[in-house]
Every structure is written in C-alpha cells, then in structure tokens.
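**Student:** Here it is, the structure, as structure tokens.
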Amino acid sequence: MISIDQIKQLREETGVSPTEIKKALEEAKGDAEKAKELLRVWGQKVLNKKTSRETKAGLIEAYLHQNATTGVLLDIRCETDFVAKSPDFKILAHEVCLQIAAMKPLYVKAEDIPEEFLAGETKIYTEQIRQLADGKPENIVKQILEGKLKKYKEEICLMSQIWIKDDAKTIKNLVEDTVAKVGENIEIKRFTRYEI
C-alpha cells in the first residue's frame with residue numbers, strides 16, 4: 001500500500017505530479033529509490049518529446065551583482081505565458097543568470113561556437129601538445145587534442161557548465177529538471193554579460 005507520506009516526500013524531492021509519483025511507487029512496489037529512477041526515465045522520454053515544441057513565450061531576466069560591476073541579461077523561452085510567469089521558471093532564469101555572472105560562458109551551447117574561433121583554439125592546443133608530446137605517436141597526440149577541446153567547449157558553453165550550486169549537475173540538467181516540473185519545453189536563446 002502506497003502511503004500519502006511517501007507521495008509527499010517524493011513530491012518534495014522531485015516536483016513531479018502526485019499522480020505520476022503514485023504510479024511510479026506502485027510500479028516500484030513502494031521502493032522510493034526505484035520510483036525516483038522510474039520518474040527520471042519517464043521524464044527523459046517526455047523531455048525528448050517536448051524539445052521539438054516551439055518556444056514562443058518567455059522572459060528577459062536581468063541580474064545585477066551587488067557590487068554593481070557585473071550584470072547579465074538573459075533571453076529564456078518556454079511554450080506558454082502561464083509557465084513564463086510561474087515561480088519554477090523564474091527561479092530557473094535567476095539561477096542561470098547567477099551562473100553566467102560567475103562562470104563567464106561565451107556561448108549557449110557547443111553548436112554556437114564559430115568554426116574560425118574553434119580553429120584558432122585547435123591551432124594553439126596543437127602547438128602546446130607538440131611541444132610537450134616529446135615524440136608521442138600521432139594517435140595519442142590526437143586524443144589529447146580532442147580531450148582538451150572537449151574540456152574547453154564545456155567551460156565556455158553555458159549548457160555544459162557545471163552548476164555553481166551543485167557540482168553533480170550541469171546547466172542542461174537544471175533546465176531538464178525544470179522542464180519535467182513545468183511540463184513545457186524551455187530554451188535559453190541568448191545572453192549578454194557585462195563587467196566593468
């Protein structure tokens with residue numbers, strides 16, 4: 001028998017609807033950890049469907065750091081005005097602004113990085129590796145280069161950055177969690193970071 005307390009506890013932890021939680025607990029035969037895993041799997045399936053939907057509503061979130069020398073403007077979108085006004089969406093927008101202010105990303109996602117910019121970084125890394133490689137085989141040099149470029153992309157792209165408040169999550173995970181809560185596609189369109 002599934003108790004109300006179990007449902008409440010999972011609701012607090014996941015933010016998923018009580019109906020879905022009850023269904024997951026029943027399928028997991030009352031095991032909360034298995035139910036959480038089921039909710040994640042179901043959420044991922046729903047997320048995959050939602051990402052194809054158009055984001056016509058949203059908001060422009062502004063953040064000004066307390067020292068008044070760093071500011072962020074964020075264009076974040078969702079499907080409906082109802083969700084754009086919801087507390088979960090506004091919290092997400094604020095958290096993303098804090099991330100941008102603190103971690104100084106240059107692009108939203110890796111696909112946004114211009115080829116010429118990446119070519120310049122590749123040239124720099126290739127030269128650095130060649131100086132340190134000391135006769136290592138070409139395939140090892142190539143693997144090192146790929147690893148360095150992957151790490152660099154993760155550092156300069158907002159969606160792949162580790163969230164400043166929880167190093168177990170990326171910003172992409174944070175957005176996905178909010179999508180699961182609000183039930184709509186969410187997209188970070190663009191941002192601008194100012195610093196004096």
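Lettering and numbering for the structure tokens are positional, with chains as A, B, ... in the shown order, residues counted from 1 in each chain, and ligands counted from 1 in the shown order.
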Can you list every residue of region 86-177 of chain A that has an atom at most 12 Å from region 29-41 of chain A, with its nearest atom pair and the distance in Å to one decimal, using only C-alpha atoms, ordered by chain then number, as a tab-separated table?
**Tutor:**
residue	atom	partner	partner_atom	distance
A:Asn173	CA	A:Arg40	CA	11.4
A:Glu176	CA	A:Arg40	CA	10.3
A:Asp177	CA	A:Arg40	CA	9.3
**Student:** How would you write, as a list in words, the set of residues in region 52-118 of chain A that DSSP gives as helix (DSSP H, G or I)?
**Tutor:** Asp81, Phe82, Val83, Ala84, Pro87, Asp88, Phe89, Lys90, Ile91, Leu92, Ala93, His94, Glu95, Val96, Cys97, Leu98, Gln99, Ile100, Ala101, Ala102, Met103, Ala110, Glu111, Asp112, Glu115, Glu116, Phe117 and Leu118 of chain A
**Student:** Looking at only C-alpha atoms, which of A:Ala28, A:Leu10, A:Val16, A:Ile124 is the one that sits closest to Ala180 (chain A)?
**Tutor:**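 Result for the nearest residue to Ala180 (chain A): A:Val16.
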**Student:** Residues within 10 Å of Leu145 (chain A), please, as a PyMOL selection string. Count only C-alpha atoms; anything in the same chain fewer than 5 positions from it doesn't count.
**Tutor:** chain A and resi 122-123+125-130+139-140+150-151
**Student:** Only N, CA and C atoms, please: the residues just picked out, written as a PDB file, in the first residue's frame.
**Tutor:**
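Printed below is result-v3.pdb as written:
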ATOM      1  N   THR A 122      42.165  25.267 -31.652  1.00  0.00           N
ATOM      2  CA  THR A 122      42.765  23.988 -32.057  1.00  0.00           C
ATOM      3  C   THR A 122      44.234  24.187 -32.404  1.00  0.00           C
ATOM      4  N   LYS A 123      44.534  25.262 -33.114  1.00  0.00           N
ATOM      5  CA  LYS A 123      45.923  25.551 -33.501  1.00  0.00           C
ATOM      6  C   LYS A 123      46.792  25.778 -32.261  1.00  0.00           C
ATOM      7  N   TYR A 125      46.217  24.714 -29.113  1.00  0.00           N
ATOM      8  CA  TYR A 125      46.367  23.453 -28.366  1.00  0.00           C
ATOM      9  C   TYR A 125      47.305  22.489 -29.081  1.00  0.00           C
ATOM     10  N   THR A 126      47.209  22.427 -30.405  1.00  0.00           N
ATOM     11  CA  THR A 126      48.086  21.528 -31.173  1.00  0.00           C
ATOM     12  C   THR A 126      49.542  21.897 -30.942  1.00  0.00           C
ATOM     13  N   GLU A 127      49.846  23.179 -30.977  1.00  0.00           N
ATOM     14  CA  GLU A 127      51.217  23.638 -30.759  1.00  0.00           C
ATOM     15  C   GLU A 127      51.687  23.308 -29.339  1.00  0.00           C
ATOM     16  N   GLN A 128      50.827  23.539 -28.356  1.00  0.00           N
ATOM     17  CA  GLN A 128      51.179  23.222 -26.961  1.00  0.00           C
ATOM     18  C   GLN A 128      51.460  21.726 -26.793  1.00  0.00           C
ATOM     19  N   ILE A 129      50.602  20.901 -27.377  1.00  0.00           N
ATOM     20  CA  ILE A 129      50.755  19.444 -27.243  1.00  0.00           C
ATOM     21  C   ILE A 129      52.035  18.981 -27.925  1.00  0.00           C
ATOM     22  N   ARG A 130      52.309  19.520 -29.104  1.00  0.00           N
ATOM     23  CA  ARG A 130      53.524  19.120 -29.835  1.00  0.00           C
ATOM     24  C   ARG A 130      54.784  19.436 -29.026  1.00  0.00           C
ATOM     25  N   ASN A 139      48.402   9.291 -32.920  1.00  0.00           N
ATOM     26  CA  ASN A 139      47.066   8.990 -32.408  1.00  0.00           C
ATOM     27  C   ASN A 139      46.903   9.443 -30.948  1.00  0.00           C
ATOM     28  N   ILE A 140      47.974   9.379 -30.168  1.00  0.00           N
ATOM     29  CA  ILE A 140      47.938   9.851 -28.772  1.00  0.00           C
ATOM     30  C   ILE A 140      47.812  11.375 -28.749  1.00  0.00           C
ATOM     31  N   LYS A 150      37.359  19.253 -25.968  1.00  0.00           N
ATOM     32  CA  LYS A 150      36.092  18.906 -25.304  1.00  0.00           C
ATOM     33  C   LYS A 150      35.971  19.651 -23.975  1.00  0.00           C
ATOM     34  N   LYS A 151      37.039  19.652 -23.199  1.00  0.00           N
ATOM     35  CA  LYS A 151      37.039  20.343 -21.910  1.00  0.00           C
ATOM     36  C   LYS A 151      36.854  21.851 -22.099  1.00  0.00           C
TER      37      LYS A 151
END
**Student:** For Lys109 (chain A), work out the shell of residues within 12 Å, counting only C-alpha atoms and skipping chain neighbours fewer than 4 positions away, then give it as a count of residues only.
**Tutor:** 19
**Student:** Could you pull the residues within 9 Å of Val83 (chain A), counting only C-alpha atoms, minus those fewer than 3 positions along the same chain, as a PyMOL selection string?
**Tutor:** chain A and resi 57-58+78-80+86-89+182-184
**Student:** Restrict the selected residues to C-alpha atoms and save them as a compact mmCIF listing (two decimals), in the first residue's frame.
**Tutor:**
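Once written, result-v6.txt looks like this:
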# COMPACT_ATOMS: atom_id res chain seq x y z
CA ALA A 57 6.73 32.82 -24.65
CA GLY A 58 9.34 33.53 -22.01
CA CYS A 78 9.04 28.47 -22.87
CA GLU A 79 5.85 27.49 -24.68
CA THR A 80 3.19 29.48 -22.80
CA SER A 86 5.45 30.53 -12.86
CA PRO A 87 7.82 30.55 -9.85
CA ASP A 88 9.76 27.49 -11.14
CA PHE A 89 10.53 29.23 -14.45
CA VAL A 182 6.51 22.64 -15.60
CA GLY A 183 5.71 20.26 -18.45
CA GLU A 184 6.90 22.52 -21.28
**Student:** Considering only strand (DSSP E or B) as DSSP defines it on the backbone, what residues of region 81-189 of chain A qualify? List them as a list of chain:residue names.
**Tutor:**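 So, restricting region 81-189 of chain A to strand (DSSP E or B), we get A:Tyr107, A:Cys157, A:Ile162, A:Trp163, A:Asp166, A:Asp167, A:Ala168, A:Lys169, A:Thr170, A:Glu187, A:Ile188, A:Lys189.
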**Student:** Would you please work out which residue, of A:Ala119, A:Ala102, A:Ala84, A:Ile91, is nearest to His65 (chain A) when using only C-alpha atoms?
**Tutor:**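 Residue with the minimum atom-to-atom distance to His65 (chain A): A:Ala102.
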**Student:** Could you list, as JSON, numbers by chain, every residue within 7 Å of region 95-97 of chain A, counting only C-alpha atoms and ignoring same-chain residues fewer than 6 positions away?
**Tutor:** {"A": [63, 72, 74]}
**Student:** What is the distance, in Å and to one decimal place, between CA of Lys85 (chain A) and CA of Ala62 (chain A)?
**Tutor:**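 Going from CA of Lys85 (chain A) over to CA of Ala62 (chain A), I get 15.0 Å.
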**Student:** I'd like the interatomic distance between CA of Ile144 (chain A) and CA of Gly120 (chain A), to a tenth of an Å.
**Tutor:**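 Taking CA of Ile144 (chain A) as the start and CA of Gly120 (chain A) as the end point, the length is 16.6 Å.
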**Student:** Just want the 8 Å neighbourhood of Glu195 (chain A), counted on only C-alpha atoms, with same-chain residues fewer than 5 positions away dropped. Output as a PyMOL selection string.
**Tutor:** chain A and resi 69-71
**Student:** To one decimal place in Å, what is the distance between CA of Glu27 (chain A) and CA of Glu12 (chain A)?
**Tutor:**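 Taking CA of Glu27 (chain A) as the start and CA of Glu12 (chain A) as the end point, the length is 19.5 Å.
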**Student:** For a quick check of understanding, using only C-alpha atoms, which of A:Leu98, A:Leu118, A:Ile186, A:Val175 has the smallest distance to Gln66 (chain A)?
**Tutor:**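 Ranking A:Leu98, A:Leu118, A:Ile186, A:Val175 by distance to Gln66 (chain A), first place goes to A:Leu98.
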